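Enquirer: Okay, here's the structure, questions in a sec.
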Number of protein chains: 4
Amino acid sequence: MFNSFGHLYRVTTWGESHGPALGCVVDGCPPGIPLTEADIQPWLDARRPGQSRFTTQRQEPDAVEILSGTFEGRTTGAPISLLIRNTDQRSKDYSEIAQKFRPGHADITYHLKYGLRDYRGGGRSSARETAARVAAGGVARAVLGRLAPAVRIRGALVRIGAYPIDRAAWDWDEVPRNPFWSPDAGAAETWTGYLDGLRKSGNSVGAVVELVAECVPSGLGAPIYAKLDSDLAMALMTINAVKGVEIGAGMAAAELTGTENADEILMGNDGRPRFSSNHAGGILGGISTGQDVVARFAVKPTSSILTPRRTITVTGEEIEIVTKGRHDPCVGIRAVPVGEAMMACVILDHLLLHRGQVGDAGGRIG
Amino acid sequence: MFNSFGHLYRVTTWGESHGPALGCVVDGCPPGIPLTEADIQPWLDARRPGQSRFTTQRQEPDAVEILSGTFEGRTTGAPISLLIRNTDQRSKDYSEIAQKFRPGHADITYHLKYGLRDYRGGGRSSARETAARVAAGGVARAVLGRLAPAVRIRGALVRIGAYPIDRAAWDWDEVPRNPFWSPDAGAAETWTGYLDGLRKSGNSVGAVVELVAECVPSGLGAPIYAKLDSDLAMALMTINAVKGVEIGAGMAAAELTGTENADEILMGNDGRPRFSSNHAGGILGGISTGQDVVARFAVKPTSSILTPRRTITVTGEEIEIVTKGRHDPCVGIRAVPVGEAMMACVILDHLLLHRGQVGDAGGRIG
Amino acid sequence: MFNSFGHLYRVTTWGESHGPALGCVVDGCPPGIPLTEADIQPWLDARRPGQSRFTTQRQEPDAVEILSGTFEGRTTGAPISLLIRNTDQRSKDYSEIAQKFRPGHADITYHLKYGLRDYRGGGRSSARETAARVAAGGVARAVLGRLAPAVRIRGALVRIGAYPIDRAAWDWDEVPRNPFWSPDAGAAETWTGYLDGLRKSGNSVGAVVELVAECVPSGLGAPIYAKLDSDLAMALMTINAVKGVEIGAGMAAAELTGTENADEILMGNDGRPRFSSNHAGGILGGISTGQDVVARFAVKPTSSILTPRRTITVTGEEIEIVTKGRHDPCVGIRAVPVGEAMMACVILDHLLLHRGQVGDAGGRIG
Amino acid sequence: MFNSFGHLYRVTTWGESHGPALGCVVDGCPPGIPLTEADIQPWLDARRPGQSRFTTQRQEPDAVEILSGTFEGRTTGAPISLLIRNTDQRSKDYSEIAQKFRPGHADITYHLKYGLRDYRGGGRSSARETAARVAAGGVARAVLGRLAPAVRIRGALVRIGAYPIDRAAWDWDEVPRNPFWSPDAGAAETWTGYLDGLRKSGNSVGAVVELVAECVPSGLGAPIYAKLDSDLAMALMTINAVKGVEIGAGMAAAELTGTENADEILMGNDGRPRFSSNHAGGILGGISTGQDVVARFAVKPTSSILTPRRTITVTGEEIEIVTKGRHDPCVGIRAVPVGEAMMACVILDHLLLHRGQVGDAGGRIG
């Protein structure tokens with residue numbers, strides 16, 4: 001249970017930053033879905049570091065191999081094993097890091113929990129683990145493309161540090177044009193200067209990612225403990241460095257009155273309900289309404305910084321540490337495709353669960 | 001899977017607002033723990049509505065019965081079935097609500113998903129479901145009291161609408177003295193006037209609950225998909241009306257730099273690590289550090305308000321609706337003991353999981 | 001996980017023999033299925049003891065109450081809580097049994113595992129637990145009646161001790177006519193005399209139950225670890241006192257050659273495959289073929305017998321014990337409806353799982 | 001869920017007979033356990049085909065690679081990914097088998113369920129899948145070697161076709177000396193002649209495997225739905241071609257009287273209970289007693305035989321088929337190490353589960 005998520009569409013990831021490879025097993029995939037490496041690779045390419053000066057300079061092709069579960073280019077219903085080799089594990093001297101706990105890292109908790117840790121590059125707690133998620137998300141997108149082709153899942157960076165985007169300037173077409181996944185060209189410009197400064201000073205900063213899933217069928221999610229939103233919250237919080245998750249209005253819902261918050265219900269021209277607003281983030285009672293499903297998550301600043309910080313050693317000695325290495329000044333940037341992948345997996349999982357429990361017994365309006 | 005949570009300490013809840021009863025089955029409870037109704041009832045009493053004019057006036061004793069799993073006042077390791085009878089389901093005319101969807105409620109999504117719904121009092125989506133959680137949390141506290149007696153789990157309301165507490169004035173002793181679970185007497189006074197006004201106008205407002213677990217052993221939680229924080233996020237997001245979950249610095253982590261965010265590590269006088277700050281909320285890499293575990297969640301305003309809102313009927317007719325009834329002007333108030341209960345269940349679950357996988361193999365410092 | 005079974009259609013049972021009640025929570029039930037107590041009670045009535053001199057004389061109405069999950073006589077998709085009160089827990093002196101371990105009973109293992117046990121009537125290990133299974137099976141049958149109405153699940157007793165039935169004499173109509181669920185009137189007569197003798201001498205005997213599910217759709221079950229047969233084996237082996245489970249030819253498959261065992265495939269008049277024989281028991285590669293699904297299980301003799309047996313006390317003293325009480329001379333008889341119930345739950349679970357993963361993507365012939 | 005088994009020690013397998021590789025992910029492994037490929041390879045070598053003329057002549061080194069989860073030769077608590085390359089997938093013309101369903105094979109059910117199938121070498125339903133189980137079992141044995149070093153898990157073949165072993169001649173030392181894992185040298189001789197005849201005539205035959213786990217601590221297994229025996233039954237029934245599973249006296253328990261069946265309890269010289277016999281197979285009420293845990297399973301004859309059998313094509317044409325290829329005359333022989341591996345996984349899983357739920361709270365005698 002520790003390294004798997006999902007109910008019917010179930011993903012198990014494995015692998016450390018500096019081992020020979022990492023990967024995942026995708027179980028519960030529907031059969032007959034066209035799937036080759038070419039369906040998955042583009043999502044990995046989008047996540048890949050080293051594509052701008054604002055992400056770690058680690059260079060890896062992150063080429064995915066499908067080892068099982070497809071035949072003649074289609075899924076068979078059997079488990080899909082995906083493998084990504086690690087190719088840029090620089091040999092270096094880890095003796096210092098082996099004895100010291102980097103503040104803000106999982107070093108100390110892995111040590112306390114397990115009594116030993118793979119300290120090379122963060123081991124299992126490395127951001128590299130997210131490559132396996134993105135691969136699993138690529139499979140989920142391929143399936144959604146067949147079962148619910150209208151569904152569109154996209155993410156964007158909406159805040160870096162003190163600088164949020166201007167929502168009035170939101171333009172999805174802008175997202176792939178800048179190295180930040182910013183939907184606001186102006187924010188991207190601001191962030192460029194800000195991050196250049198941070199990078200030079202060896203500092204880092206947090207960010208907020210927003211995910212939007214359009215055309216999600218209504219009725220997905222189960223009340224109470226398999227809510228679409230609680231499964232999303234779980235899925236997003238499992239991404240390393242995430243400290244907060246919001247659905248729709250999110251934490252700001254606390255500041256609204258009932259009059260402000262209630263999304264009024266109207267009839268759309270297509271004979272389906274439409275809503276005057278979307279404070280709910282497309283989910284009511286844990287179940288999708290048919291509106292856009294909107295989630296956000298906050299990524300903390302990379303803990304690996306050049307400023308000396310106080311810490312302790314395995315033997316309990318108080319020392320100072322400077323974490324050198326090829327680090328992201330804003331790891332939140334690379335979290336955008338990871339968040340999209342998690343959302344794709346969760347939505348597909350609930351599509352299959354709903355089909356299993358309810359089939360065609362859902363209700364209609366009118 | 002739909003109505004259960006937890007891995008080893010696993011809780012399954014059932015029951016609707018206006019059915020004969022509600023309850024839960026608590027599975028995986030360690031044997032030999034002293035447990036009678038008297039260990040659980042106080043937590044239900046704390047959650048019970050109708051104790052001030054700021055919560056729904058529904059009056060129910062919420063008396064819990066233990067139907068199984070104990071013998072001569074101790075748990076046996078067998079599943080514990082807890083039953084709470086519904087006693088104040090007023091007979092009333094539900095014909096209107098049966099045909100109309102209340103904005104912000106699960107009415108429309110239950111209809112779309114299942115094709116029918118128990119519209120009496122919200123059915124399964126009623127806040128009454130949380131009584132079962134509080135009962136399960138009471139059992140978890142009893143177990144923690146034996147296995148990790150230093151653990152202390154408390155919650156407080158830290159914001160109502162535009163009015164946050166003053167953190168400098170935080171006083172745990174103040175919490176039980178006001179009807180809001182406010183740790184800040186000044187905020188409680190502000191809220192009193194504010195909520196009286198809202199209540200009279202038939203409006204409602206959101207709130208933020210903060211949970212703090214002290215003396216949680218280090219090493220709880222598993223990296224990646226059974227993180228202590230992702231399980232907390234899931235657990236809290238399953239509470240009806242919750243729209244956001246934060247761990248430690250939460251969404252605000254996005255606004256911090258690495259220098260600000262990194263909690264420096266020092267040695268405490270007790271020979272265990274201590275930290276210069278707790279932006280991490282007591283969790284690094286999904287695993288508890290030994291610091292206070294801190295989580296927050298935002299509860300949206302009650303959707304049942306007296307202001308007319310536009311909605312539609314089952315037949316697709318656009319109409320207006322006014323939701324009368326005995327509703328909470330700020331349902332977030334009653335969420336405090338619910339959040340505490342969920343946190344107790346999650347922490348106990350991870351205590352047992354850790355004992356199962358790791359036993360005594362954890363690491364030490366020094 | 002300890003007290004639940006099933007994947008999507010998931011049943012959690014609770015309760016001890018001499019507690020106030022026992023019951024189960026049925027989760028994952030499809031919505032819109034007509035369901036009242038009257039759909040479940042007949043199956044409980046069939047299981048009820050005391051209906052002949054060949055089963056325990058404990059008399060309980062075993063009246064089931066639906067506490068949640070239905071509305072206006074139909075399932076809502078919410079968890080269904082079923083409650084059965086214990087009414088015939090005779091007060092008696094358990095002091096002896098509290099200190100002694102009955103051979104063949106779970107007394108000693110519960111003690112060793114948990115450090116304490118509810119010794120009244122066997123506590124959780126009592127055959128009474130199976131009432132909850134039968135109730136859950138009744139719900140499963142109601143759902144199957146809607147989703148796959150052709151499915152017919154029946155059980156029969158095919159052996160008591162040294163006396164098997166004559167398969168040539170198999171007549172399903174005979175089953176309800178005798179107190180043994182025997183499909184062979186001749187065997188029933190033999191058993192009557194045999195069991196009368198055993199009963200008088202305070203002895204007991206084992207039995208074999210055979211279950212047949214007709215018209216199960218092809219394609220149910222998943223290869224490898226959620227095989228229809230492995231889930232059936234698990235489900236039947238969870239029934240107390242079961243020591244062996246067989247599918248189709250079962251253990252006797254070991255004695256067959258490939259030539260004898262291979263069920264040849266032909267085309268039926270209905271355009272679907274038919275088979276020359278059914279050594280496979282309707283399952284190939286873990287997936288239903290469309291033939292009858294055939295399973296058998298062996299129930300050991302009741303351990304509670306009047307013959308003195310050597311045992312030990314909690315303090316380690318070697319003594320003799322005679323287990324008095326109202327016991328079944330052949331507890332296998334009452335296992336027939338329990339086995340049917342488990343089979344109904346497993347088949348429904350796989351029907352829902354298949355619908356979830358595969359939908360309409362299955363293959364056709366011709 | 002479809003391709004995983006186990007609760008805390010959880011194994012997910014993947015891979016087809018003729019894909020590039022197969023493998024598994026082992027999750028929940030305790031940390032700090034010495035583990036390299038050398039700990040796993042011997043068990044794979046024992047399972048490897050082509051070691052005598054009585055198993056398929058497919059030749060594969062079955063070399064296992066550990067891709068994750070260990071560091072400096074010890075487990076870290078992270079998921080262990082094990083990879084085994086397929087190296088002897090002969091290129092051949094599969095066009096015939098692609099259109100025809102081999103009787104007794106999963107061809108027809110995979111087609112009916114999924115609408116397509118990987119027909120090369122049986123795809124996922126190939127016996128090659130069991131290599132992944134044996135690898136996972138090797139890890140389980142390494143863990144047991146640390147946590148419960150006295151535990152010893154061994155298997156033997158106790159019947160081929162009409163020829164059972166002579167139990168009076170049981171000698172564990174004989175098992176590795178003959179190509180059948182027979183504990184009885186006489187039976188091995190009989191089987192040699194019998195199988196040579198079968199092999200020449202292109203026929204096959206079934207077999208029974210017996211597994212014995214010695215020195216299993218008492219208290220493992222949970223009553224009702226996570227019984228040690230129901231988990232064993234599930235685990236063994238998931239092995240391809242298994243049609244029956246027995247615990248202790250097994251199906252023969254049906255023929256015993258209570259007087260015969262009850263294993264009397266005495267005190268051993270070591271201050272722990274001992275039993276006059278072991279009809280229970282070391283398990284009472286789903287929980288281990290401390291006696292040997294004894295399980296058996298029947299493996300049907302290989303369906304691939306040279307005798308022409310009637311079958312149908314995908315288009316529904318009735319034809320005859322002869323299944324050529326490198327097949328096992330008695331696939332049950334190779335099932336011995338597979339059964340041992342499954343038993344090791346199940347016992348370890350329950351050891352960890354017990355430690356999680358109960359810790360040191362178990363009972364003592366005396």
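Following the order of the structure tokens, chains are lettered A, B, ..., residues in each are numbered from 1, and ligands are numbered from 1.
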So that each row is one residue of chain D with an atom at most 10 Å from chain A, can you give its shortest atom pair and the distance in Å to one decimal, using only C-alpha atoms, rows by chain and rising number, as JSON lines?

Expert:
```
{"residue": "D:Met1", "atom": "CA", "partner": "A:Leu8", "partner_atom": "CA", "distance": 6.9}
{"residue": "D:Phe2", "atom": "CA", "partner": "A:Gly28", "partner_atom": "CA", "distance": 6.6}
{"residue": "D:Asn3", "atom": "CA", "partner": "A:Asp27", "partner_atom": "CA", "distance": 6.8}
{"residue": "D:Ser4", "atom": "CA", "partner": "A:Asp27", "partner_atom": "CA", "distance": 8.9}
{"residue": "D:Gly6", "atom": "CA", "partner": "A:Met1", "partner_atom": "CA", "distance": 9.3}
{"residue": "D:His7", "atom": "CA", "partner": "A:Met1", "partner_atom": "CA", "distance": 7.4}
{"residue": "D:Leu8", "atom": "CA", "partner": "A:Met1", "partner_atom": "CA", "distance": 6.8}
{"residue": "D:Tyr9", "atom": "CA", "partner": "A:Met1", "partner_atom": "CA", "distance": 8.6}
{"residue": "D:Arg10", "atom": "CA", "partner": "A:Met1", "partner_atom": "CA", "distance": 7.1}
{"residue": "D:Val11", "atom": "CA", "partner": "A:Met1", "partner_atom": "CA", "distance": 9.8}
{"residue": "D:Thr12", "atom": "CA", "partner": "A:Val25", "partner_atom": "CA", "distance": 7.9}
{"residue": "D:Thr13", "atom": "CA", "partner": "A:Pro79", "partner_atom": "CA", "distance": 7.9}
{"residue": "D:Trp14", "atom": "CA", "partner": "A:Pro79", "partner_atom": "CA", "distance": 5.5}
{"residue": "D:Gly15", "atom": "CA", "partner": "A:Ser68", "partner_atom": "CA", "distance": 4.9}
{"residue": "D:Glu16", "atom": "CA", "partner": "A:Ser68", "partner_atom": "CA", "distance": 6.4}
{"residue": "D:Ser17", "atom": "CA", "partner": "A:Ser68", "partner_atom": "CA", "distance": 9.7}
{"residue": "D:His18", "atom": "CA", "partner": "A:Ser68", "partner_atom": "CA", "distance": 9.4}
{"residue": "D:Gly19", "atom": "CA", "partner": "A:Ser68", "partner_atom": "CA", "distance": 6.3}
{"residue": "D:Pro20", "atom": "CA", "partner": "A:Leu67", "partner_atom": "CA", "distance": 6.0}
{"residue": "D:Ala21", "atom": "CA", "partner": "A:Leu67", "partner_atom": "CA", "distance": 6.2}
{"residue": "D:Leu22", "atom": "CA", "partner": "A:Ser68", "partner_atom": "CA", "distance": 7.4}
{"residue": "D:Gly23", "atom": "CA", "partner": "A:Ser81", "partner_atom": "CA", "distance": 8.7}
{"residue": "D:Cys24", "atom": "CA", "partner": "A:Val25", "partner_atom": "CA", "distance": 8.7}
{"residue": "D:Val25", "atom": "CA", "partner": "A:Trp14", "partner_atom": "CA", "distance": 7.5}
{"residue": "D:Val26", "atom": "CA", "partner": "A:Trp14", "partner_atom": "CA", "distance": 9.3}
{"residue": "D:Asp27", "atom": "CA", "partner": "A:Asn3", "partner_atom": "CA", "distance": 6.8}
{"residue": "D:Gly28", "atom": "CA", "partner": "A:Phe2", "partner_atom": "CA", "distance": 6.6}
{"residue": "D:Pro30", "atom": "CA", "partner": "A:Tyr114", "partner_atom": "CA", "distance": 8.2}
{"residue": "D:Pro31", "atom": "CA", "partner": "A:Tyr114", "partner_atom": "CA", "distance": 5.7}
{"residue": "D:Gly32", "atom": "CA", "partner": "A:Leu116", "partner_atom": "CA", "distance": 7.0}
{"residue": "D:Ile66", "atom": "CA", "partner": "A:Pro20", "partner_atom": "CA", "distance": 9.0}
{"residue": "D:Leu67", "atom": "CA", "partner": "A:Pro20", "partner_atom": "CA", "distance": 6.0}
{"residue": "D:Ser68", "atom": "CA", "partner": "A:Gly15", "partner_atom": "CA", "distance": 5.0}
{"residue": "D:Gly69", "atom": "CA", "partner": "A:Gly15", "partner_atom": "CA", "distance": 7.0}
{"residue": "D:Thr70", "atom": "CA", "partner": "A:Asp118", "partner_atom": "CA", "distance": 7.9}
{"residue": "D:Phe71", "atom": "CA", "partner": "A:Asp118", "partner_atom": "CA", "distance": 5.8}
{"residue": "D:Glu72", "atom": "CA", "partner": "A:Asp118", "partner_atom": "CA", "distance": 8.4}
{"residue": "D:Arg74", "atom": "CA", "partner": "A:Leu116", "partner_atom": "CA", "distance": 8.8}
{"residue": "D:Thr75", "atom": "CA", "partner": "A:Leu116", "partner_atom": "CA", "distance": 8.8}
{"residue": "D:Thr76", "atom": "CA", "partner": "A:Arg117", "partner_atom": "CA", "distance": 6.2}
{"residue": "D:Gly77", "atom": "CA", "partner": "A:Tyr114", "partner_atom": "CA", "distance": 6.6}
{"residue": "D:Ala78", "atom": "CA", "partner": "A:Arg124", "partner_atom": "CA", "distance": 7.1}
{"residue": "D:Pro79", "atom": "CA", "partner": "A:Trp14", "partner_atom": "CA", "distance": 5.5}
{"residue": "D:Ile80", "atom": "CA", "partner": "A:Trp14", "partner_atom": "CA", "distance": 7.0}
{"residue": "D:Ser81", "atom": "CA", "partner": "A:Trp14", "partner_atom": "CA", "distance": 6.5}
{"residue": "D:Arg85", "atom": "CA", "partner": "A:Leu67", "partner_atom": "CA", "distance": 9.9}
{"residue": "D:Tyr110", "atom": "CA", "partner": "A:Thr76", "partner_atom": "CA", "distance": 9.0}
{"residue": "D:His111", "atom": "CA", "partner": "A:Thr76", "partner_atom": "CA", "distance": 9.8}
{"residue": "D:Lys113", "atom": "CA", "partner": "A:Pro31", "partner_atom": "CA", "distance": 9.1}
{"residue": "D:Tyr114", "atom": "CA", "partner": "A:Pro31", "partner_atom": "CA", "distance": 5.7}
{"residue": "D:Gly115", "atom": "CA", "partner": "A:Gly32", "partner_atom": "CA", "distance": 7.2}
{"residue": "D:Leu116", "atom": "CA", "partner": "A:Thr76", "partner_atom": "CA", "distance": 6.5}
{"residue": "D:Arg117", "atom": "CA", "partner": "A:Thr76", "partner_atom": "CA", "distance": 6.2}
{"residue": "D:Asp118", "atom": "CA", "partner": "A:Phe71", "partner_atom": "CA", "distance": 5.8}
{"residue": "D:Tyr119", "atom": "CA", "partner": "A:Phe71", "partner_atom": "CA", "distance": 9.1}
{"residue": "D:Arg120", "atom": "CA", "partner": "A:Phe71", "partner_atom": "CA", "distance": 9.6}
{"residue": "D:Gly123", "atom": "CA", "partner": "A:Gly69", "partner_atom": "CA", "distance": 9.3}
{"residue": "D:Arg124", "atom": "CA", "partner": "A:Ala78", "partner_atom": "CA", "distance": 7.1}
{"residue": "D:Ser125", "atom": "CA", "partner": "A:Ala78", "partner_atom": "CA", "distance": 9.9}
```

Enquirer: If you run DSSP over the backbone, which residues in region 42-247 of chain D end up strand (DSSP E or B)? Put them as number ranges by chain.

Expert: D: 64-66, 70-71, 74-75, 80-85, 100, 152-160, 163-164, 205, 207-214, 222, 226, 242-247

Enquirer: With only C-alpha atoms as the counted atoms, please give the residues lying no more than 12 Å from Ala207 (chain A), apart from itself and same-chain residues fewer than 3 positions off, as a VMD selection string.

Expert: (chain A and resid 156 to 165 180 to 182 191 195 204 210 241 to 244 296 to 302 329 to 336) or (chain B and resid 250 to 258)

Enquirer: Compile the contact shell of Gly104 (chain D) as a VMD selection string: residues with an atom at most 7 Å away, counting only C-alpha atoms, same-chain residues fewer than 2 positions apart removed.

Expert: (chain C and resid 262 to 263 284) or (chain D and resid 102 106 303)

Enquirer: From a backbone DSSP assignment, name each residue in region 200-297 of chain B labelled helix (DSSP H, G or I), as a ChimeraX atom specification.

Expert: /B:200,228-237,250-255,258-261

Enquirer: Would you save the residues from that selection as a PDB file, in the first residue's frame, using C-alpha atoms?

Expert:
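Listed below is the output, selection.pdb:
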```
ATOM      1  CA  LYS B 200     -30.302  37.008  11.722  1.00  0.00           C
ATOM      2  CA  LEU B 228       1.477  11.105   6.844  1.00  0.00           C
ATOM      3  CA  ASP B 229       0.555  14.386   5.176  1.00  0.00           C
ATOM      4  CA  SER B 230      -1.195  12.882   2.162  1.00  0.00           C
ATOM      5  CA  ASP B 231      -3.236  10.640   4.423  1.00  0.00           C
ATOM      6  CA  LEU B 232      -4.090  13.651   6.574  1.00  0.00           C
ATOM      7  CA  ALA B 233      -5.028  15.650   3.481  1.00  0.00           C
ATOM      8  CA  MET B 234      -7.258  12.860   2.274  1.00  0.00           C
ATOM      9  CA  ALA B 235      -8.820  12.394   5.687  1.00  0.00           C
ATOM     10  CA  LEU B 236      -9.586  16.076   6.190  1.00  0.00           C
ATOM     11  CA  MET B 237     -10.814  16.610   2.639  1.00  0.00           C
ATOM     12  CA  GLY B 250       0.567  25.336   3.804  1.00  0.00           C
ATOM     13  CA  MET B 251      -0.370  27.461   0.800  1.00  0.00           C
ATOM     14  CA  ALA B 252       1.815  30.234   2.219  1.00  0.00           C
ATOM     15  CA  ALA B 253       4.867  28.041   1.606  1.00  0.00           C
ATOM     16  CA  ALA B 254       4.578  29.232  -1.977  1.00  0.00           C
ATOM     17  CA  GLU B 255       5.479  32.730  -0.825  1.00  0.00           C
ATOM     18  CA  GLY B 258      14.294  28.513   0.737  1.00  0.00           C
ATOM     19  CA  THR B 259      16.198  30.513   3.298  1.00  0.00           C
ATOM     20  CA  GLU B 260      13.006  31.391   5.136  1.00  0.00           C
ATOM     21  CA  ASN B 261      11.387  28.006   4.855  1.00  0.00           C
TER      22      ASN B 261
END
```

Enquirer: Can you work out the spacing between CA of Arg274 (chain C) and CA of Val314 (chain D) in Å, to one decimal?

Expert: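 Between CA of Arg274 (chain C) and CA of Val314 (chain D) the gap works out to 13.7 Å.
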
Enquirer: Leaving out Gln41 (chain D) and any residue of its chain fewer than 4 positions from it, which residues lie within 12 Å of it when counting only C-alpha atoms, given as a ChimeraX atom specification?

Expert: /D:35-37,45-48,61-66,82-84,131-132,134-139,142

Enquirer: What's the separation between CA of Arg167 (chain A) and CA of Val209 (chain A), in Å to one decimal place?

Expert: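 Those two atoms sit 13.3 Å apart.
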
Enquirer: Extract, using only C-alpha atoms, all DNA, RNA and protein residues at most 12 Å from Asp196 (chain C), discarding same-chain residues fewer than 4 positions from it, and format them as a list in words.

Expert: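 Once the adjacent positions are removed, what remains is Ser52, Arg53, Phe54, Thr55, Glu189, Thr190, Trp191, Thr192, Lys200, Ser201, Gly202, Asn203, Ser204, Val205, Asp328, Pro329 and Cys330 of chain C.
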
Enquirer: To one decimal place, how far is CA of Thr109 (chain B) from CA of Ala140 (chain A) in Å?

Expert: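 Taking CA of Thr109 (chain B) as the start and CA of Ala140 (chain A) as the end point, the length is 24.0 Å.
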